[in-house]
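**Student:** My questions will all concern the structure given below.
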Amino acid sequence: MIQSNAAKSDLLLVVVTLLAAVGWIFSKEALSGIPPLMFIGLRFLVAGLVLSIFGWQALRALDRRGVLRTVLVGVSFGVAMIFWILGLHHAHHIGVGAFLTCLGAVFVPIVATLFGERANRAVWFSLPLAAVGLASLSLDSQFEMGWGELSFLCAAVLFAFTFVLNSRAAAKTSPIALAAVQLMVVGLVALPVSLLTETWTFAWSASTWMWMIASIFIATSLRFFMQTWAQSLSSASNAAVIMTLEPVWTAMLAAVWFGETMTAMQLGGCALIFSALLVSRWRSVRSAVRMLIK
């Protein structure tokens, strides 16, 4: 059963990384007509309300501790998203920001140790490969550390804490209830900041409405429900390594959708991230090879 759950979690998380990558495309298109904090606040709040409709019985079953666990995840996630937006606003180089944000997945096993979780050796061996792969995928010669980059780094640390808190809460809470509450809390954290700093308008084009709806239902409601479900079946450290696939799919989709090109270094980064996944799942890979040989 443990192996079955681990395999199911791995498969779900691969799908989650694909949905997250598609979400980057949706977000980039939607942000051409919507202020960033308004977009995040409305996207997450409405996505959480959508999940609450389907998970109403699970929400009603939450006790006081369950509510506190889910709200804590949402607050951590919401603050992380604000730091991420601040980084996006102040950063001079988006590639550096992407790398620093993705380091959150590398920080997860470190943060998990603070909560008493021990990752296996394969995960620790895979992390340097993943970090170098992320750097190759996101960085170039223009590396500098300013307020934007520090904001991205703070966001990465908070994303790591959110990931660990989500895994711990998912083991004790219905996935749909947990996802619904945390998404609504993110929206409630972001919207007041948006009201204070941005000008609101709903005079969006038809295409902007389409990208917003796709972001809500596909890249947020479906994605985070599946991620929470997957995290309930595996440890935070194991799940985090698979999440490093997100920038790989994002780079590939951007090449197709926006006509961007990938350098040899970026392709090498993709190869290193895939290698990190194989190392982190070495036991499963070895078992599969033995079965093929037999």
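Chain identifiers are assigned as A, B, and so on, following the order in which chains appear in the structure tokens; residues are numbered from 1 within each chain, and ligands are numbered from 1 in order of appearance.
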Can I get the residues of stretch 94-196 of chain A within 8 Å of stretch 39-46 of chain A, each with the closest pair of atoms and their distance in Å to one decimal, using only C-alpha atoms, sorted chain first then ascending number, as a tab-separated table?
**Tutor:**
```
residue	atom	partner	partner_atom	distance
A:Leu183	CA	A:Phe44	CA	5.1
A:Met184	CA	A:Leu45	CA	4.3
A:Val185	CA	A:Leu45	CA	7.2
A:Val186	CA	A:Phe44	CA	6.2
A:Gly187	CA	A:Gly41	CA	4.0
A:Leu188	CA	A:Gly41	CA	6.7
A:Val189	CA	A:Gly41	CA	7.5
A:Ala190	CA	A:Gly41	CA	4.9
A:Leu191	CA	A:Gly41	CA	4.8
A:Ser194	CA	A:Gly41	CA	7.7
```
**Student:** Write out, as an mmCIF file, in the first residue's frame, the residues just selected, with C-alpha atoms.
**Tutor:**
```
data_model
loop_
_atom_site.group_PDB
_atom_site.id
_atom_site.type_symbol
_atom_site.label_atom_id
_atom_site.label_comp_id
_atom_site.auth_asym_id
_atom_site.auth_seq_id
_atom_site.Cartn_x
_atom_site.Cartn_y
_atom_site.Cartn_z
ATOM 1 C CA LEU A 183 -6.906 29.288 -1.539
ATOM 2 C CA MET A 184 -9.599 31.525 -0.049
ATOM 3 C CA VAL A 185 -7.171 32.749 2.624
ATOM 4 C CA VAL A 186 -4.582 33.610 -0.051
ATOM 5 C CA GLY A 187 -7.233 35.674 -1.821
ATOM 6 C CA LEU A 188 -8.243 37.417 1.412
ATOM 7 C CA VAL A 189 -4.584 38.245 2.151
ATOM 8 C CA ALA A 190 -3.865 39.627 -1.345
ATOM 9 C CA LEU A 191 -7.064 41.580 -2.048
ATOM 10 C CA SER A 194 -4.452 45.235 -3.997
#
```
**Student:** Please report as CSV every residue of stretch 77-181 of chain A lying within 8 Å of stretch 238-246 of chain A, along with the nearest atom pair and their distance in Å (one decimal), using only C-alpha atoms.
**Tutor:**
```
residue,atom,partner,partner_atom,distance
A:Cys102,CA,A:Thr244,CA,7.0
A:Ala105,CA,A:Ala240,CA,5.0
A:Val106,CA,A:Ala240,CA,7.2
A:Val108,CA,A:Ala240,CA,6.4
A:Pro109,CA,A:Ala240,CA,7.8
A:Ala119,CA,A:Asn238,CA,7.4
A:Val123,CA,A:Asn238,CA,6.8
A:Ser126,CA,A:Val241,CA,7.8
A:Leu127,CA,A:Val241,CA,7.5
A:Ala130,CA,A:Thr244,CA,7.1
A:Leu134,CA,A:Thr244,CA,7.8
A:Phe163,CA,A:Ala240,CA,7.9
```
**Student:** Between atom CA of A:Arg223 and atom CA of A:Arg121, what is the distance in Å, rounded to a tenth?
**Tutor:**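 Separation between atom CA of A:Arg223 and atom CA of A:Arg121: 28.9 Å.
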**Student:** With distances taken over only C-alpha atoms, which residue among A:Gln231, A:Thr101, A:Ser136, A:Asn166 lies nearest A:Val71?
**Tutor:** A:Asn166
**Student:** Write out, as a Markdown table, each residue of stretch 110-174 of chain A that has an atom at most 12 Å from stretch 51-65 of chain A, together with the closest pair of atoms and their distance in Å to one decimal, counting only C-alpha atoms, rows going by chain and rising number.
**Tutor:**
```
| residue | atom | partner | partner_atom | distance |
| --- | --- | --- | --- | --- |
| A:Ala169 | CA | A:Arg65 | CA | 10.1 |
| A:Lys172 | CA | A:Arg65 | CA | 10.0 |
| A:Thr173 | CA | A:Leu62 | CA | 7.8 |
| A:Ser174 | CA | A:Ala58 | CA | 6.4 |
```
**Student:** What would the file look like if the residues just selected were written as a PDB file, in the first residue's frame with N, CA, C and O atoms?
**Tutor:**
```pdb
ATOM      1  N   ALA A 169      -0.679  19.109   7.101  1.00  0.00           N
ATOM      2  CA  ALA A 169      -2.124  19.287   7.237  1.00  0.00           C
ATOM      3  C   ALA A 169      -2.890  18.285   6.381  1.00  0.00           C
ATOM      4  O   ALA A 169      -3.956  17.797   6.776  1.00  0.00           O
ATOM      5  N   LYS A 172      -3.996  14.997   7.801  1.00  0.00           N
ATOM      6  CA  LYS A 172      -5.041  14.981   8.828  1.00  0.00           C
ATOM      7  C   LYS A 172      -6.339  15.633   8.363  1.00  0.00           C
ATOM      8  O   LYS A 172      -7.311  15.663   9.113  1.00  0.00           O
ATOM      9  N   THR A 173      -6.342  16.173   7.145  1.00  0.00           N
ATOM     10  CA  THR A 173      -7.483  16.958   6.670  1.00  0.00           C
ATOM     11  C   THR A 173      -7.904  16.512   5.280  1.00  0.00           C
ATOM     12  O   THR A 173      -7.069  16.090   4.485  1.00  0.00           O
ATOM     13  N   SER A 174      -9.181  16.612   4.991  1.00  0.00           N
ATOM     14  CA  SER A 174      -9.671  16.317   3.646  1.00  0.00           C
ATOM     15  C   SER A 174      -8.963  17.207   2.632  1.00  0.00           C
ATOM     16  O   SER A 174      -8.900  18.426   2.813  1.00  0.00           O
TER      17      SER A 174
END
```
**Student:** Give the answer as one residue: which of A:Ala255, A:Val73, A:Val193, A:Ala131 has the shortest atom-to-atom distance to A:Met38, using only C-alpha atoms?
**Tutor:**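 The answer is A:Val193, which sits nearest to A:Met38.
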**Student:** Please provide the set of residues having any atom within 6 Å of A:Ile216, restricted to only C-alpha atoms, with same-chain residues fewer than 3 positions apart removed, written as a PyMOL selection string.
**Tutor:** chain A and resi 43+47+213+220
**Student:** For each of A:Ala160, A:Thr113, A:Gly148, A:Leu68, take the minimum atom-to-atom distance to A:Ala80, counting only C-alpha atoms, then give the residue where this is smallest.
**Tutor:**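 Result for the nearest residue to A:Ala80: A:Ala160.
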**Student:** So how many Å separate atom CA of A:Trp124 and atom CA of A:Phe274, to one decimal?
**Tutor:**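 Value for the atom CA of A:Trp124-atom CA of A:Phe274 distance: 15.0 Å.
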**Student:** Find the residues around A:Thr70 up to 7 Å (only C-alpha atoms counted), leave out those fewer than 5 positions away in its own chain, and share them as a PDB file with all heavy atoms, in the first residue's frame.
**Tutor:**
```pdb
ATOM      1  N   ALA A 169      -0.679  19.109   7.101  1.00  0.00           N
ATOM      2  CA  ALA A 169      -2.124  19.287   7.237  1.00  0.00           C
ATOM      3  C   ALA A 169      -2.890  18.285   6.381  1.00  0.00           C
ATOM      4  O   ALA A 169      -3.956  17.797   6.776  1.00  0.00           O
ATOM      5  CB  ALA A 169      -2.514  20.712   6.852  1.00  0.00           C
ATOM      6  N   LEU A 178      -8.936  21.324   2.665  1.00  0.00           N
ATOM      7  CA  LEU A 178      -7.665  22.021   2.876  1.00  0.00           C
ATOM      8  C   LEU A 178      -7.360  22.967   1.717  1.00  0.00           C
ATOM      9  O   LEU A 178      -6.994  24.125   1.926  1.00  0.00           O
ATOM     10  CB  LEU A 178      -6.541  20.996   3.035  1.00  0.00           C
ATOM     11  CG  LEU A 178      -5.110  21.535   3.141  1.00  0.00           C
ATOM     12  CD1 LEU A 178      -4.984  22.520   4.298  1.00  0.00           C
ATOM     13  CD2 LEU A 178      -4.126  20.380   3.306  1.00  0.00           C
ATOM     14  N   VAL A 181      -9.868  26.096   1.703  1.00  0.00           N
ATOM     15  CA  VAL A 181      -9.614  27.115   2.727  1.00  0.00           C
ATOM     16  C   VAL A 181      -8.329  27.872   2.432  1.00  0.00           C
ATOM     17  O   VAL A 181      -8.293  29.113   2.499  1.00  0.00           O
ATOM     18  CB  VAL A 181      -9.558  26.478   4.128  1.00  0.00           C
ATOM     19  CG1 VAL A 181      -9.120  27.524   5.167  1.00  0.00           C
ATOM     20  CG2 VAL A 181     -10.913  25.912   4.510  1.00  0.00           C
ATOM     21  N   GLN A 182      -7.254  27.149   2.089  1.00  0.00           N
ATOM     22  CA  GLN A 182      -5.987  27.853   1.876  1.00  0.00           C
ATOM     23  C   GLN A 182      -6.066  28.801   0.683  1.00  0.00           C
ATOM     24  O   GLN A 182      -5.510  29.902   0.719  1.00  0.00           O
ATOM     25  CB  GLN A 182      -4.825  26.882   1.719  1.00  0.00           C
ATOM     26  CG  GLN A 182      -4.829  26.034   0.471  1.00  0.00           C
ATOM     27  CD  GLN A 182      -3.494  25.311   0.265  1.00  0.00           C
ATOM     28  OE1 GLN A 182      -2.477  25.938   0.008  1.00  0.00           O
ATOM     29  NE2 GLN A 182      -3.510  23.995   0.388  1.00  0.00           N
TER      30      GLN A 182
END
```
**Student:** What does the distance from atom CA of A:Gly74 to atom CA of A:Ile34 come to in Å, to one decimal?
**Tutor:**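 Pair atom CA of A:Gly74 / atom CA of A:Ile34 returns 22.8 Å.
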**Student:** Tell me which protein, DNA and RNA residues are within 12 Å of A:Trp204, counting only C-alpha atoms, leaving out same-chain ones fewer than 6 positions away, and put them as an MDAnalysis selection string.
**Tutor:** chainID A and resid 30:35 39 210:212
**Student:** Can you write just those residues out, N, CA and C atoms, as a PDB file, in the first residue's frame?
**Tutor:**
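selection-v6.pdb written:
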```
ATOM      1  N   ALA A  30      -3.160  36.764 -18.865  1.00  0.00           N
ATOM      2  CA  ALA A  30      -4.163  37.512 -18.098  1.00  0.00           C
ATOM      3  C   ALA A  30      -3.608  38.818 -17.548  1.00  0.00           C
ATOM      4  N   LEU A  31      -2.320  38.823 -17.160  1.00  0.00           N
ATOM      5  CA  LEU A  31      -1.727  40.016 -16.558  1.00  0.00           C
ATOM      6  C   LEU A  31      -1.566  41.173 -17.544  1.00  0.00           C
ATOM      7  N   SER A  32      -1.763  40.904 -18.821  1.00  0.00           N
ATOM      8  CA  SER A  32      -1.718  41.999 -19.797  1.00  0.00           C
ATOM      9  C   SER A  32      -2.915  42.927 -19.626  1.00  0.00           C
ATOM     10  N   GLY A  33      -3.963  42.467 -18.914  1.00  0.00           N
ATOM     11  CA  GLY A  33      -5.149  43.304 -18.739  1.00  0.00           C
ATOM     12  C   GLY A  33      -5.625  43.445 -17.308  1.00  0.00           C
ATOM     13  N   ILE A  34      -4.916  42.805 -16.339  1.00  0.00           N
ATOM     14  CA  ILE A  34      -5.349  42.837 -14.937  1.00  0.00           C
ATOM     15  C   ILE A  34      -4.150  43.177 -14.052  1.00  0.00           C
ATOM     16  N   PRO A  35      -4.312  44.096 -13.072  1.00  0.00           N
ATOM     17  CA  PRO A  35      -3.228  44.374 -12.121  1.00  0.00           C
ATOM     18  C   PRO A  35      -2.830  43.086 -11.384  1.00  0.00           C
ATOM     19  N   PHE A  39      -5.276  40.304  -9.717  1.00  0.00           N
ATOM     20  CA  PHE A  39      -5.357  39.012 -10.401  1.00  0.00           C
ATOM     21  C   PHE A  39      -5.173  37.860  -9.419  1.00  0.00           C
ATOM     22  N   MET A 210     -11.181  35.102 -20.575  1.00  0.00           N
ATOM     23  CA  MET A 210     -10.934  33.688 -20.857  1.00  0.00           C
ATOM     24  C   MET A 210      -9.711  33.185 -20.088  1.00  0.00           C
ATOM     25  N   TRP A 211      -8.623  33.971 -20.099  1.00  0.00           N
ATOM     26  CA  TRP A 211      -7.411  33.565 -19.386  1.00  0.00           C
ATOM     27  C   TRP A 211      -7.632  33.566 -17.881  1.00  0.00           C
ATOM     28  N   MET A 212      -8.428  34.502 -17.396  1.00  0.00           N
ATOM     29  CA  MET A 212      -8.735  34.546 -15.964  1.00  0.00           C
ATOM     30  C   MET A 212      -9.520  33.302 -15.552  1.00  0.00           C
TER      31      MET A 212
END
```
**Student:** So which one's closest to A:Val16, A:Ala179, A:Ala236, A:Ala112, A:Ile218? Using only C-alpha atoms, please.
**Tutor:**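 Among the listed residues, A:Ile218 lies closest to A:Val16.
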**Student:** Of the candidates A:Val50, A:Leu272, A:Ala203, A:Ala135, which shows the shortest atom-to-atom distance to A:Leu222, using only C-alpha atoms?
**Tutor:** A:Val50
**Student:** Taking into account only C-alpha atoms, which residue in the set A:Leu267, A:Ala7, A:Leu18, A:Leu86 is nearest to A:Ala155?
**Tutor:** A:Leu86
**Student:** Enumerate as a VMD selection string all residues of stretch 25-273 of chain A assigned to alpha helix (DSSP H) by DSSP on the backbone, naming them with the chain letters and numbers the document uses.
**Tutor:** chain A and resid 25 to 30 36 to 54 56 to 60 64 to 90 94 to 114 121 to 138 147 to 170 175 to 197 206 to 216 223 to 231 236 to 243 246 to 257 264 to 273
**Student:** Quick one: residues within 9 Å of A:Phe161, only C-alpha atoms counted, chain neighbours fewer than 3 positions away excluded, as number ranges by chain?
**Tutor:** A: 73, 76-77, 104, 107-108, 111-112, 156-158, 164-166
**Student:** Pull N, CA and C atoms from the residues just selected and write them as a compact mmCIF listing (two decimals), in the first residue's frame.
**Tutor:**
```txt
# COMPACT_ATOMS: atom_id res chain seq x y z
N VAL A 73 -1.82 27.37 6.71
CA VAL A 73 -1.25 27.11 5.39
C VAL A 73 -1.58 28.26 4.44
N SER A 76 0.46 31.50 5.28
CA SER A 76 1.85 31.34 4.82
C SER A 76 1.94 31.48 3.31
N PHE A 77 1.02 30.85 2.60
CA PHE A 77 0.99 30.91 1.15
C PHE A 77 0.71 32.32 0.66
N GLY A 104 12.68 27.26 -3.54
CA GLY A 104 11.77 26.83 -2.48
C GLY A 104 11.66 25.32 -2.41
N PHE A 107 14.62 23.98 -0.66
CA PHE A 107 14.62 24.27 0.77
C PHE A 107 13.69 23.34 1.56
N VAL A 108 12.74 22.70 0.89
CA VAL A 108 11.72 21.91 1.59
C VAL A 108 12.30 20.85 2.52
N VAL A 111 13.61 22.60 5.62
CA VAL A 111 12.53 23.06 6.49
C VAL A 111 11.84 21.88 7.16
N ALA A 112 11.68 20.78 6.43
CA ALA A 112 11.00 19.60 6.97
C ALA A 112 11.72 19.04 8.19
N ALA A 156 10.68 32.23 -1.57
CA ALA A 156 11.10 30.84 -1.69
C ALA A 156 11.09 30.15 -0.33
N VAL A 157 11.59 30.84 0.70
CA VAL A 157 11.59 30.25 2.05
C VAL A 157 10.16 30.03 2.53
N LEU A 158 9.29 31.01 2.29
CA LEU A 158 7.90 30.88 2.71
C LEU A 158 7.17 29.80 1.92
N VAL A 164 5.64 22.34 3.38
CA VAL A 164 5.74 21.41 4.52
C VAL A 164 4.46 21.45 5.36
N LEU A 165 3.98 22.66 5.65
CA LEU A 165 2.74 22.79 6.42
C LEU A 165 1.57 22.14 5.69
N ASN A 166 1.54 22.28 4.37
CA ASN A 166 0.47 21.68 3.57
C ASN A 166 0.53 20.15 3.64
```
**Student:** Compile the contact shell of A:Val248 as a tab-separated table (two decimals) with N, CA and C atoms, in the first residue's frame: residues with an atom at most 8 Å away, counting only C-alpha atoms, same-chain residues fewer than 3 positions apart removed.
**Tutor:**
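around_28.tsv, written as the output of this step:
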```tsv
chain	number	residue	atom	x	y	z
A	137	LEU	N	18.84	26.54	-15.88
A	137	LEU	CA	17.60	26.83	-16.61
A	137	LEU	C	17.22	28.30	-16.51
A	244	THR	N	10.25	20.29	-8.83
A	244	THR	CA	11.27	21.02	-9.61
A	244	THR	C	11.06	20.83	-11.10
A	245	LEU	N	10.15	19.95	-11.49
A	245	LEU	CA	9.82	19.79	-12.91
A	245	LEU	C	9.08	21.00	-13.47
A	251	ALA	N	9.45	26.23	-19.29
A	251	ALA	CA	10.38	26.65	-20.35
A	251	ALA	C	10.00	26.03	-21.68
A	252	MET	N	9.60	24.76	-21.66
A	252	MET	CA	9.20	24.08	-22.90
A	252	MET	C	7.94	24.69	-23.48
A	270	CYS	N	17.59	21.23	-17.83
A	270	CYS	CA	16.46	20.29	-17.87
A	270	CYS	C	16.95	18.86	-17.62
A	273	ILE	N	17.75	18.34	-13.93
A	273	ILE	CA	16.55	18.21	-13.10
A	273	ILE	C	15.93	16.82	-13.26
```
